[in-house]
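Structure below is structure-v2.pdb: PDB, C-alpha atoms.
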```
ATOM      1  CA  MET A  10       2.651  47.966   1.106  1.00  0.00           C
ATOM      2  CA  VAL A  11       2.150  44.229   1.206  1.00  0.00           C
ATOM      3  CA  PRO A  12       0.860  42.989   4.518  1.00  0.00           C
ATOM      4  CA  ILE A  13       3.821  40.687   5.047  1.00  0.00           C
ATOM      5  CA  ASP A  14       1.837  38.025   6.858  1.00  0.00           C
ATOM      6  CA  ALA A  15      -0.608  37.779   3.984  1.00  0.00           C
ATOM      7  CA  ALA A  16       2.190  37.647   1.430  1.00  0.00           C
ATOM      8  CA  LEU A  17       4.031  34.929   3.335  1.00  0.00           C
ATOM      9  CA  LYS A  18       0.919  32.863   3.643  1.00  0.00           C
ATOM     10  CA  ALA A  19       0.118  33.348  -0.040  1.00  0.00           C
ATOM     11  CA  LEU A  20       3.614  32.320  -1.090  1.00  0.00           C
ATOM     12  CA  ALA A  21       3.720  29.239   1.105  1.00  0.00           C
ATOM     13  CA  GLU A  22       1.747  27.259  -1.490  1.00  0.00           C
ATOM     14  CA  PRO A  23       3.797  25.950  -4.451  1.00  0.00           C
ATOM     15  CA  ARG A  24       0.987  26.399  -6.974  1.00  0.00           C
ATOM     16  CA  ARG A  25       0.549  30.009  -6.025  1.00  0.00           C
ATOM     17  CA  ARG A  26       4.244  30.555  -6.625  1.00  0.00           C
ATOM     18  CA  GLU A  27       3.847  28.879 -10.004  1.00  0.00           C
ATOM     19  CA  ILE A  28       0.919  31.173 -10.812  1.00  0.00           C
ATOM     20  CA  LEU A  29       3.049  34.166  -9.886  1.00  0.00           C
ATOM     21  CA  ARG A  30       5.748  32.999 -12.268  1.00  0.00           C
ATOM     22  CA  LEU A  31       3.153  32.632 -15.037  1.00  0.00           C
ATOM     23  CA  VAL A  32       1.852  36.155 -14.679  1.00  0.00           C
ATOM     24  CA  TRP A  33       5.182  37.725 -13.814  1.00  0.00           C
ATOM     25  CA  SER A  34       5.829  39.538 -17.082  1.00  0.00           C
ATOM     26  CA  ARG A  35       2.487  39.290 -18.830  1.00  0.00           C
ATOM     27  CA  GLU A  36      -1.155  39.597 -18.006  1.00  0.00           C
ATOM     28  CA  MET A  37      -3.107  36.342 -18.331  1.00  0.00           C
ATOM     29  CA  PRO A  38      -6.794  35.474 -18.167  1.00  0.00           C
ATOM     30  CA  ALA A  39      -7.874  33.182 -15.353  1.00  0.00           C
ATOM     31  CA  THR A  40      -8.883  30.518 -17.883  1.00  0.00           C
ATOM     32  CA  ALA A  41      -5.387  30.387 -19.397  1.00  0.00           C
ATOM     33  CA  ILE A  42      -3.856  30.169 -15.938  1.00  0.00           C
ATOM     34  CA  ALA A  43      -6.211  27.316 -15.049  1.00  0.00           C
ATOM     35  CA  ASP A  44      -5.320  25.522 -18.291  1.00  0.00           C
ATOM     36  CA  HIS A  45      -1.729  25.484 -17.138  1.00  0.00           C
ATOM     37  CA  PHE A  46      -2.593  23.200 -14.247  1.00  0.00           C
ATOM     38  CA  ARG A  47      -3.851  19.843 -15.383  1.00  0.00           C
ATOM     39  CA  GLU A  48      -4.195  18.390 -11.947  1.00  0.00           C
ATOM     40  CA  VAL A  49      -5.875  21.382 -10.301  1.00  0.00           C
ATOM     41  CA  THR A  50      -9.553  22.218 -10.656  1.00  0.00           C
ATOM     42  CA  ARG A  51     -10.612  25.627 -11.921  1.00  0.00           C
ATOM     43  CA  PRO A  52     -12.308  26.577  -8.658  1.00  0.00           C
ATOM     44  CA  ALA A  53      -9.069  25.743  -6.851  1.00  0.00           C
ATOM     45  CA  VAL A  54      -7.051  27.941  -9.234  1.00  0.00           C
ATOM     46  CA  SER A  55      -9.629  30.661  -8.798  1.00  0.00           C
ATOM     47  CA  GLN A  56      -9.214  30.403  -5.051  1.00  0.00           C
ATOM     48  CA  HIS A  57      -5.414  30.641  -5.354  1.00  0.00           C
ATOM     49  CA  LEU A  58      -5.800  33.775  -7.473  1.00  0.00           C
ATOM     50  CA  GLY A  59      -8.073  35.242  -4.826  1.00  0.00           C
ATOM     51  CA  VAL A  60      -5.467  34.639  -2.127  1.00  0.00           C
ATOM     52  CA  LEU A  61      -2.728  36.225  -4.256  1.00  0.00           C
ATOM     53  CA  LYS A  62      -4.941  39.217  -4.943  1.00  0.00           C
ATOM     54  CA  THR A  63      -5.857  39.668  -1.282  1.00  0.00           C
ATOM     55  CA  ALA A  64      -2.163  39.503  -0.413  1.00  0.00           C
ATOM     56  CA  GLY A  65      -1.470  42.302  -2.901  1.00  0.00           C
ATOM     57  CA  LEU A  66       0.813  40.154  -5.051  1.00  0.00           C
ATOM     58  CA  VAL A  67      -1.308  40.265  -8.218  1.00  0.00           C
ATOM     59  CA  THR A  68      -3.707  42.746  -9.768  1.00  0.00           C
ATOM     60  CA  GLU A  69      -7.049  41.728 -11.216  1.00  0.00           C
ATOM     61  CA  ARG A  70      -8.650  43.474 -14.203  1.00  0.00           C
ATOM     62  CA  ARG A  71     -12.031  42.694 -15.706  1.00  0.00           C
ATOM     63  CA  ASP A  72     -12.495  42.669 -19.468  1.00  0.00           C
ATOM     64  CA  GLY A  73     -16.070  41.701 -20.243  1.00  0.00           C
ATOM     65  CA  THR A  74     -16.573  38.344 -18.614  1.00  0.00           C
ATOM     66  CA  ARG A  75     -12.845  37.664 -18.433  1.00  0.00           C
ATOM     67  CA  ARG A  76     -10.705  38.270 -15.395  1.00  0.00           C
ATOM     68  CA  LEU A  77      -7.079  39.066 -16.137  1.00  0.00           C
ATOM     69  CA  TYR A  78      -4.202  38.773 -13.693  1.00  0.00           C
ATOM     70  CA  ARG A  79      -0.712  40.157 -13.499  1.00  0.00           C
ATOM     71  CA  ALA A  80       2.005  40.069 -10.845  1.00  0.00           C
ATOM     72  CA  ARG A  81       2.999  43.214  -8.975  1.00  0.00           C
ATOM     73  CA  PRO A  82       6.802  43.072  -9.008  1.00  0.00           C
ATOM     74  CA  ASP A  83       7.131  46.262  -6.972  1.00  0.00           C
ATOM     75  CA  GLU A  84       5.194  44.734  -4.123  1.00  0.00           C
ATOM     76  CA  ILE A  85       7.027  41.454  -4.420  1.00  0.00           C
ATOM     77  CA  GLU A  86      10.326  43.330  -4.233  1.00  0.00           C
ATOM     78  CA  LYS A  87       9.293  44.469  -0.780  1.00  0.00           C
ATOM     79  CA  VAL A  88       8.733  40.858   0.147  1.00  0.00           C
ATOM     80  CA  ARG A  89      12.201  40.014  -1.150  1.00  0.00           C
ATOM     81  CA  ALA A  90      13.625  42.734   1.042  1.00  0.00           C
ATOM     82  CA  PHE A  91      11.781  41.177   3.929  1.00  0.00           C
ATOM     83  CA  LEU A  92      13.331  37.821   3.102  1.00  0.00           C
ATOM     84  CA  ASP A  93      16.752  39.417   3.069  1.00  0.00           C
ATOM     85  CA  ASP A  94      16.085  40.628   6.598  1.00  0.00           C
ATOM     86  CA  TYR A  95      14.948  37.194   7.558  1.00  0.00           C
ATOM     87  CA  TRP A  96      18.246  35.660   6.422  1.00  0.00           C
ATOM     88  CA  THR A  97      20.030  38.243   8.447  1.00  0.00           C
ATOM     89  CA  SER A  98      18.111  36.941  11.431  1.00  0.00           C
ATOM     90  CA  GLY A  99      19.642  33.489  10.847  1.00  0.00           C
ATOM     91  CA  LEU A 100      23.096  34.973  11.372  1.00  0.00           C
ATOM     92  CA  GLU A 101      21.816  36.857  14.383  1.00  0.00           C
ATOM     93  CA  ARG A 102      20.711  33.583  15.933  1.00  0.00           C
ATOM     94  CA  LEU A 103      24.166  32.194  15.183  1.00  0.00           C
ATOM     95  CA  ARG A 104      25.679  35.221  16.912  1.00  0.00           C
ATOM     96  CA  ASP A 105      23.481  34.737  19.965  1.00  0.00           C
ATOM     97  CA  VAL A 106      24.356  31.082  20.460  1.00  0.00           C
ATOM     98  CA  ALA A 107      28.066  31.612  19.702  1.00  0.00           C
ATOM     99  CA  GLU A 108      28.344  34.528  22.109  1.00  0.00           C
ATOM    100  CA  ALA A 109      26.600  32.515  24.792  1.00  0.00           C
ATOM    101  CA  ALA A 110      29.077  29.691  24.200  1.00  0.00           C
ATOM    102  CA  GLU A 111      31.970  32.150  24.366  1.00  0.00           C
ATOM    103  CA  ARG A 112      30.792  33.476  27.722  1.00  0.00           C
ATOM    104  CA  GLU A 113      30.405  29.914  28.942  1.00  0.00           C
ATOM    105  CA  LYS A 114      34.043  29.239  28.052  1.00  0.00           C
ATOM    106  CA  GLY A 115      35.213  32.283  29.955  1.00  0.00           C
ATOM    107  CA  ARG A 116      33.852  30.954  33.221  1.00  0.00           C
ATOM    108  CA  PRO A 117      36.148  29.198  35.634  1.00  0.00           C
TER     109      PRO A 117
ATOM    110  CA  MET B   1      24.193  35.334 -11.829  1.00  0.00           C
ATOM    111  CA  ALA B   2      23.414  37.114  -8.649  1.00  0.00           C
ATOM    112  CA  GLU B   3      24.781  36.803  -5.183  1.00  0.00           C
ATOM    113  CA  LEU B   4      23.703  37.737  -1.710  1.00  0.00           C
ATOM    114  CA  VAL B   5      26.167  38.903   0.906  1.00  0.00           C
ATOM    115  CA  HIS B   6      25.533  39.066   4.629  1.00  0.00           C
ATOM    116  CA  GLU B   7      27.969  39.969   7.370  1.00  0.00           C
ATOM    117  CA  ILE B   8      27.701  39.994  11.118  1.00  0.00           C
ATOM    118  CA  MET B   9      30.155  40.726  13.940  1.00  0.00           C
ATOM    119  CA  ILE B  10      30.164  38.138  16.681  1.00  0.00           C
ATOM    120  CA  GLU B  11      31.793  38.536  20.075  1.00  0.00           C
ATOM    121  CA  ALA B  12      33.332  35.105  20.034  1.00  0.00           C
ATOM    122  CA  THR B  13      36.427  33.493  18.605  1.00  0.00           C
ATOM    123  CA  PRO B  14      36.389  31.474  15.376  1.00  0.00           C
ATOM    124  CA  GLU B  15      37.098  28.415  17.539  1.00  0.00           C
ATOM    125  CA  THR B  16      33.824  28.985  19.363  1.00  0.00           C
ATOM    126  CA  ILE B  17      31.801  29.727  16.232  1.00  0.00           C
ATOM    127  CA  TRP B  18      33.161  26.910  14.080  1.00  0.00           C
ATOM    128  CA  PRO B  19      31.261  23.989  15.688  1.00  0.00           C
ATOM    129  CA  PHE B  20      27.956  25.809  15.127  1.00  0.00           C
ATOM    130  CA  LEU B  21      28.636  25.612  11.393  1.00  0.00           C
ATOM    131  CA  THR B  22      29.937  22.080  11.117  1.00  0.00           C
ATOM    132  CA  ASP B  23      28.524  20.092  14.043  1.00  0.00           C
ATOM    133  CA  ALA B  24      24.932  18.970  13.528  1.00  0.00           C
ATOM    134  CA  GLU B  25      23.989  19.156  17.202  1.00  0.00           C
ATOM    135  CA  LYS B  26      25.368  22.681  17.491  1.00  0.00           C
ATOM    136  CA  HIS B  27      23.803  23.728  14.191  1.00  0.00           C
ATOM    137  CA  LEU B  28      20.391  22.779  15.585  1.00  0.00           C
ATOM    138  CA  GLU B  29      20.805  25.466  18.216  1.00  0.00           C
ATOM    139  CA  TRP B  30      20.413  28.200  15.623  1.00  0.00           C
ATOM    140  CA  GLU B  31      19.009  26.689  12.436  1.00  0.00           C
ATOM    141  CA  GLY B  32      17.030  23.644  11.446  1.00  0.00           C
ATOM    142  CA  THR B  33      14.816  21.062  13.124  1.00  0.00           C
ATOM    143  CA  LYS B  34      16.825  18.133  11.759  1.00  0.00           C
ATOM    144  CA  VAL B  35      20.420  18.551  10.669  1.00  0.00           C
ATOM    145  CA  GLU B  36      22.817  16.186   8.948  1.00  0.00           C
ATOM    146  CA  LEU B  37      26.341  17.455   8.334  1.00  0.00           C
ATOM    147  CA  ASP B  38      29.400  15.613   7.113  1.00  0.00           C
ATOM    148  CA  PRO B  39      31.951  18.408   6.853  1.00  0.00           C
ATOM    149  CA  ARG B  40      34.423  17.072   4.333  1.00  0.00           C
ATOM    150  CA  PRO B  41      34.540  17.562   0.562  1.00  0.00           C
ATOM    151  CA  GLY B  42      31.645  15.632  -0.957  1.00  0.00           C
ATOM    152  CA  GLY B  43      30.071  15.174   2.473  1.00  0.00           C
ATOM    153  CA  VAL B  44      26.374  15.668   2.978  1.00  0.00           C
ATOM    154  CA  TYR B  45      24.760  18.951   4.021  1.00  0.00           C
ATOM    155  CA  ARG B  46      21.108  18.630   4.974  1.00  0.00           C
ATOM    156  CA  VAL B  47      19.112  21.024   7.091  1.00  0.00           C
ATOM    157  CA  LEU B  48      15.383  20.526   7.570  1.00  0.00           C
ATOM    158  CA  VAL B  49      13.775  23.908   8.117  1.00  0.00           C
ATOM    159  CA  GLY B  50      10.398  24.386   9.719  1.00  0.00           C
ATOM    160  CA  GLY B  51       9.897  20.661   9.956  1.00  0.00           C
ATOM    161  CA  GLU B  52       9.098  20.141   6.287  1.00  0.00           C
ATOM    162  CA  HIS B  53      11.393  22.071   3.954  1.00  0.00           C
ATOM    163  CA  GLN B  54      14.523  20.147   3.153  1.00  0.00           C
ATOM    164  CA  SER B  55      17.618  22.018   2.085  1.00  0.00           C
ATOM    165  CA  ALA B  56      20.352  19.855   0.661  1.00  0.00           C
ATOM    166  CA  GLY B  57      23.813  20.070  -0.794  1.00  0.00           C
ATOM    167  CA  GLU B  58      27.366  18.885  -0.403  1.00  0.00           C
ATOM    168  CA  PHE B  59      30.345  20.290   1.349  1.00  0.00           C
ATOM    169  CA  VAL B  60      32.908  21.589  -1.115  1.00  0.00           C
ATOM    170  CA  GLU B  61      35.690  23.060   0.991  1.00  0.00           C
ATOM    171  CA  ILE B  62      36.464  23.058   4.683  1.00  0.00           C
ATOM    172  CA  VAL B  63      39.258  25.092   6.242  1.00  0.00           C
ATOM    173  CA  PRO B  64      38.822  24.664   9.995  1.00  0.00           C
ATOM    174  CA  MET B  65      38.122  27.906  11.890  1.00  0.00           C
ATOM    175  CA  GLU B  66      38.310  29.875   8.634  1.00  0.00           C
ATOM    176  CA  LYS B  67      36.007  28.826   5.886  1.00  0.00           C
ATOM    177  CA  VAL B  68      33.246  26.432   4.936  1.00  0.00           C
ATOM    178  CA  VAL B  69      31.786  26.115   1.446  1.00  0.00           C
ATOM    179  CA  PHE B  70      28.802  23.984   0.524  1.00  0.00           C
ATOM    180  CA  THR B  71      26.384  23.655  -2.356  1.00  0.00           C
ATOM    181  CA  PHE B  72      22.794  24.386  -1.587  1.00  0.00           C
ATOM    182  CA  GLY B  73      19.263  23.880  -2.867  1.00  0.00           C
ATOM    183  CA  TRP B  74      15.822  22.630  -1.955  1.00  0.00           C
ATOM    184  CA  GLU B  75      14.333  19.170  -2.300  1.00  0.00           C
ATOM    185  CA  GLN B  76      10.894  20.343  -3.265  1.00  0.00           C
ATOM    186  CA  ASP B  77       8.900  19.630  -6.409  1.00  0.00           C
ATOM    187  CA  GLY B  78       8.950  22.590  -8.746  1.00  0.00           C
ATOM    188  CA  ASN B  79      11.602  24.479  -6.854  1.00  0.00           C
ATOM    189  CA  PRO B  80      14.039  25.827  -9.443  1.00  0.00           C
ATOM    190  CA  ILE B  81      16.870  25.877  -6.946  1.00  0.00           C
ATOM    191  CA  THR B  82      17.600  22.194  -6.928  1.00  0.00           C
ATOM    192  CA  PRO B  83      19.949  20.590  -4.394  1.00  0.00           C
ATOM    193  CA  GLY B  84      23.497  21.560  -5.205  1.00  0.00           C
ATOM    194  CA  SER B  85      22.596  24.244  -7.725  1.00  0.00           C
ATOM    195  CA  THR B  86      23.871  27.233  -5.737  1.00  0.00           C
ATOM    196  CA  THR B  87      26.830  27.754  -3.427  1.00  0.00           C
ATOM    197  CA  VAL B  88      27.107  29.190   0.062  1.00  0.00           C
ATOM    198  CA  GLU B  89      30.466  30.294   1.430  1.00  0.00           C
ATOM    199  CA  ILE B  90      30.845  31.245   5.075  1.00  0.00           C
ATOM    200  CA  THR B  91      34.136  32.751   6.182  1.00  0.00           C
ATOM    201  CA  LEU B  92      35.345  33.727   9.655  1.00  0.00           C
ATOM    202  CA  HIS B  93      37.560  36.776  10.008  1.00  0.00           C
ATOM    203  CA  PRO B  94      39.006  37.304  13.511  1.00  0.00           C
ATOM    204  CA  GLU B  95      39.211  40.947  14.572  1.00  0.00           C
ATOM    205  CA  GLY B  96      40.666  41.265  18.048  1.00  0.00           C
ATOM    206  CA  ASP B  97      38.532  39.125  20.336  1.00  0.00           C
ATOM    207  CA  LYS B  98      35.632  39.268  17.901  1.00  0.00           C
ATOM    208  CA  THR B  99      34.920  37.560  14.605  1.00  0.00           C
ATOM    209  CA  ARG B 100      33.367  38.947  11.471  1.00  0.00           C
ATOM    210  CA  VAL B 101      31.222  36.261   9.850  1.00  0.00           C
ATOM    211  CA  ARG B 102      30.637  36.717   6.150  1.00  0.00           C
ATOM    212  CA  LEU B 103      28.062  34.676   4.227  1.00  0.00           C
ATOM    213  CA  VAL B 104      28.046  34.801   0.422  1.00  0.00           C
ATOM    214  CA  HIS B 105      25.367  32.936  -1.494  1.00  0.00           C
ATOM    215  CA  THR B 106      26.308  32.708  -5.180  1.00  0.00           C
ATOM    216  CA  GLY B 107      24.882  31.169  -8.317  1.00  0.00           C
ATOM    217  CA  LEU B 108      21.449  32.645  -7.735  1.00  0.00           C
ATOM    218  CA  PRO B 109      19.552  33.600 -10.842  1.00  0.00           C
ATOM    219  CA  ASP B 110      19.582  37.360 -11.227  1.00  0.00           C
ATOM    220  CA  ALA B 111      16.648  38.786  -9.323  1.00  0.00           C
ATOM    221  CA  ASN B 112      16.793  42.053 -11.229  1.00  0.00           C
ATOM    222  CA  ALA B 113      16.408  40.494 -14.645  1.00  0.00           C
ATOM    223  CA  VAL B 114      13.182  38.790 -13.806  1.00  0.00           C
ATOM    224  CA  SER B 115      11.865  38.678 -17.332  1.00  0.00           C
ATOM    225  CA  GLN B 116      14.837  36.574 -18.412  1.00  0.00           C
ATOM    226  CA  HIS B 117      15.334  34.804 -15.125  1.00  0.00           C
ATOM    227  CA  ARG B 118      11.992  34.457 -13.511  1.00  0.00           C
ATOM    228  CA  GLU B 119      13.173  31.359 -11.765  1.00  0.00           C
ATOM    229  CA  GLY B 120      15.226  33.745  -9.666  1.00  0.00           C
ATOM    230  CA  TRP B 121      12.072  34.931  -8.086  1.00  0.00           C
ATOM    231  CA  GLY B 122      10.978  31.388  -7.697  1.00  0.00           C
ATOM    232  CA  HIS B 123      13.995  30.934  -5.515  1.00  0.00           C
ATOM    233  CA  TYR B 124      13.256  33.921  -3.355  1.00  0.00           C
ATOM    234  CA  LEU B 125       9.644  33.019  -3.092  1.00  0.00           C
ATOM    235  CA  ASP B 126      10.444  29.452  -2.192  1.00  0.00           C
ATOM    236  CA  ARG B 127      12.924  30.591   0.420  1.00  0.00           C
ATOM    237  CA  LEU B 128      10.370  32.965   1.717  1.00  0.00           C
ATOM    238  CA  SER B 129       7.854  30.186   2.109  1.00  0.00           C
ATOM    239  CA  VAL B 130      10.451  28.126   3.912  1.00  0.00           C
ATOM    240  CA  ARG B 131      11.022  30.898   6.351  1.00  0.00           C
ATOM    241  CA  ALA B 132       7.325  31.472   6.576  1.00  0.00           C
ATOM    242  CA  SER B 133       6.855  27.926   7.765  1.00  0.00           C
ATOM    243  CA  GLY B 134       9.873  28.046  10.019  1.00  0.00           C
ATOM    244  CA  GLY B 135       8.018  29.029  13.114  1.00  0.00           C
ATOM    245  CA  ASP B 136       6.878  32.530  12.208  1.00  0.00           C
ATOM    246  CA  PRO B 137       3.414  32.708  13.702  1.00  0.00           C
ATOM    247  CA  GLY B 138       2.531  35.667  11.521  1.00  0.00           C
ATOM    248  CA  PRO B 139       0.918  33.835   8.617  1.00  0.00           C
ATOM    249  CA  ASP B 140      -1.638  32.212  10.864  1.00  0.00           C
ATOM    250  CA  ARG B 141      -3.024  35.566  11.810  1.00  0.00           C
ATOM    251  CA  LEU B 142      -4.278  36.150   8.282  1.00  0.00           C
ATOM    252  CA  PRO B 143      -7.768  37.372   7.823  1.00  0.00           C
ATOM    253  CA  GLY B 144      -9.826  34.688   6.188  1.00  0.00           C
ATOM    254  CA  SER B 145      -7.386  31.879   6.806  1.00  0.00           C
TER     255      SER B 145
END
```
The structure given in the file should be rewritten as structure tokens.
Amino acid sequence: MVPIDAALKALAEPRRREILRLVWSREMPATAIADHFREVTRPAVSQHLGVLKTAGLVTERRDGTRRLYRARPDEIEKVRAFLDDYWTSGLERLRDVAEAAEREKGRP
Amino acid sequence: MAELVHEIMIEATPETIWPFLTDAEKHLEWEGTKVELDPRPGGVYRVLVGGEHQSAGEFVEIVPMEKVVFTFGWEQDGNPITPGSTTVEITLHPEGDKTRVRLVHTGLPDANAVSQHREGWGHYLDRLSVRASGGDPGPDRLPGS
């Protein structure tokens, strides 16, 4: 189970979302991921990978000196389900304000 | 292409609900920190969420008290759901003294076929981050943050 707070925090950074897209369907070494970002330093990419790993959104595997990363779609699916719930909450807020307005109208 | 469908029953008439969808001041009461709405075909739809994430689109169809359709996307570098690239349709169905509100978001890349449509996940993830920054205090409780 993804700790939702950690996942949300991890996903709030555009580059981490881009990293997730990179490693969505294939495992990639950290160096190749870093090469993808011209404007981001390797330590920064490494830090992003650490956040994603801590949040449970990617797995890390060591192969010699290389570190390989891959997304965990099953875990991310749970996050998507969470998002679905969150959208539902938007409509619930609409309901709350509309029902309050309706009651207001009913008063003399 | 995928779609998302949400429905909710509201104990209010369509006449009461309608302004919350089309009037910027009313919209602020339930969604957005800055809202710009011009509810006529081609009119602007802009809702700033969480103070920094800008959703944007255009109204497509307006049937007062019944239906509002607008295009939708995010003004954010790298976000695959660009302004106007998807469509949201909200319809109001009166049932007695209540109203069933149905929201259908279409044109989303298929989330199930992620290998072909990974941008679909980009959308969900981007939306998630929007919501995450929309006042949910949870993320700040992270260990190590």
task = Write out as an MDAnalysis selection string which residues come within 12 Å of Pro39 (chain B) when counting only C-alpha atoms, dropping same-chain ones fewer than 4 positions away.
result = chainID B and resid 18:24 43:46 57:64 67:71
Residues from last step as file, C-alpha atoms, as a PDB file, in the frame of the given file:
```
ATOM      1  CA  TRP B  18      33.161  26.910  14.080  1.00  0.00           C
ATOM      2  CA  PRO B  19      31.261  23.989  15.688  1.00  0.00           C
ATOM      3  CA  PHE B  20      27.956  25.809  15.127  1.00  0.00           C
ATOM      4  CA  LEU B  21      28.636  25.612  11.393  1.00  0.00           C
ATOM      5  CA  THR B  22      29.937  22.080  11.117  1.00  0.00           C
ATOM      6  CA  ASP B  23      28.524  20.092  14.043  1.00  0.00           C
ATOM      7  CA  ALA B  24      24.932  18.970  13.528  1.00  0.00           C
ATOM      8  CA  GLY B  43      30.071  15.174   2.473  1.00  0.00           C
ATOM      9  CA  VAL B  44      26.374  15.668   2.978  1.00  0.00           C
ATOM     10  CA  TYR B  45      24.760  18.951   4.021  1.00  0.00           C
ATOM     11  CA  ARG B  46      21.108  18.630   4.974  1.00  0.00           C
ATOM     12  CA  GLY B  57      23.813  20.070  -0.794  1.00  0.00           C
ATOM     13  CA  GLU B  58      27.366  18.885  -0.403  1.00  0.00           C
ATOM     14  CA  PHE B  59      30.345  20.290   1.349  1.00  0.00           C
ATOM     15  CA  VAL B  60      32.908  21.589  -1.115  1.00  0.00           C
ATOM     16  CA  GLU B  61      35.690  23.060   0.991  1.00  0.00           C
ATOM     17  CA  ILE B  62      36.464  23.058   4.683  1.00  0.00           C
ATOM     18  CA  VAL B  63      39.258  25.092   6.242  1.00  0.00           C
ATOM     19  CA  PRO B  64      38.822  24.664   9.995  1.00  0.00           C
ATOM     20  CA  LYS B  67      36.007  28.826   5.886  1.00  0.00           C
ATOM     21  CA  VAL B  68      33.246  26.432   4.936  1.00  0.00           C
ATOM     22  CA  VAL B  69      31.786  26.115   1.446  1.00  0.00           C
ATOM     23  CA  PHE B  70      28.802  23.984   0.524  1.00  0.00           C
ATOM     24  CA  THR B  71      26.384  23.655  -2.356  1.00  0.00           C
TER      25      THR B  71
END
```
ask   = Using all atoms listed in the file, can you list as a list in words the residues within 9 Å of (37.3, 28.8, 15.7)?
value = Ala12, Thr13, Pro14, Glu15, Thr16, Ile17, Trp18, Pro19, Pro64, Met65, Glu66, Leu92 and Pro94 of chain B
query = Do you know which residues the ChimeraX specification (/B :<6) & /A returns on this file, as JSON, numbers by chain?
reply = {"A": [14, 15, 17, 18, 20, 21, 92, 102, 103, 104, 107, 108, 111]}
task = Identify, on the basis of all atoms listed in the file, every residue whose closest approach to Ala41 (chain A) does not exceed 12 Å; exclude the query and any residue fewer than 2 positions from it along the same chain; express the result as a VMD selection string.
result = chain A and resid 28 31 to 32 35 to 39 43 to 47 51 54 to 55 75 to 78
task = In Å, rounded to a single decimal, give me how far CA of Glu113 (chain A) is from CA of Thr97 (chain A).
result =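 Between CA of Thr97 (chain A) and CA of Glu113 (chain A) the gap is 24.4 Å.
You can rank B:Thr87, B:Leu37, B:Trp74, B:Gly42 by their closest distance to Ser55 (chain B) using only C-alpha atoms, and at the top of that list sits B:Trp74.
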inquiry  = Please determine, counting only C-alpha atoms, which residue among A:Leu29, A:Val49, A:Ala110, A:Ala19 has the shortest atom-to-atom distance to Arg79 (chain A).
reply    =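 So, comparing all the options, the nearest one is A:Leu29.
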request  = Using CA of Gly73 (chain B) and CA of Ala53 (chain A) as the two end points, give the distance in Å to one decimal.
outcome  =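 Calculated distance between CA of Gly73 (chain B) and CA of Ala53 (chain A) is 28.7 Å.
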inquiry  = Calculated over only C-alpha atoms, which of the candidates A:Ile42, A:Leu100, A:Ala109, A:Ala80 has the smallest distance to Gly65 (chain A)?
reply    =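 Ranked by minimum distance to Gly65 (chain A), first place goes to A:Ala80.
For the pair CA of Ser85 (chain B) and CA of Thr106 (chain B), the separation is 9.6 Å.
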Enclose region 33-40 of chain B, meaning all of its atoms listed in the file, in a box aligned along x, y and z, pad it by 8 Å on each side, and list the centre and edge lengths in Å to one decimal, as JSON.
```
{"center_x": 24.6, "center_y": 18.3, "center_z": 8.7, "size_x": 35.6, "size_y": 21.4, "size_z": 24.8}
```
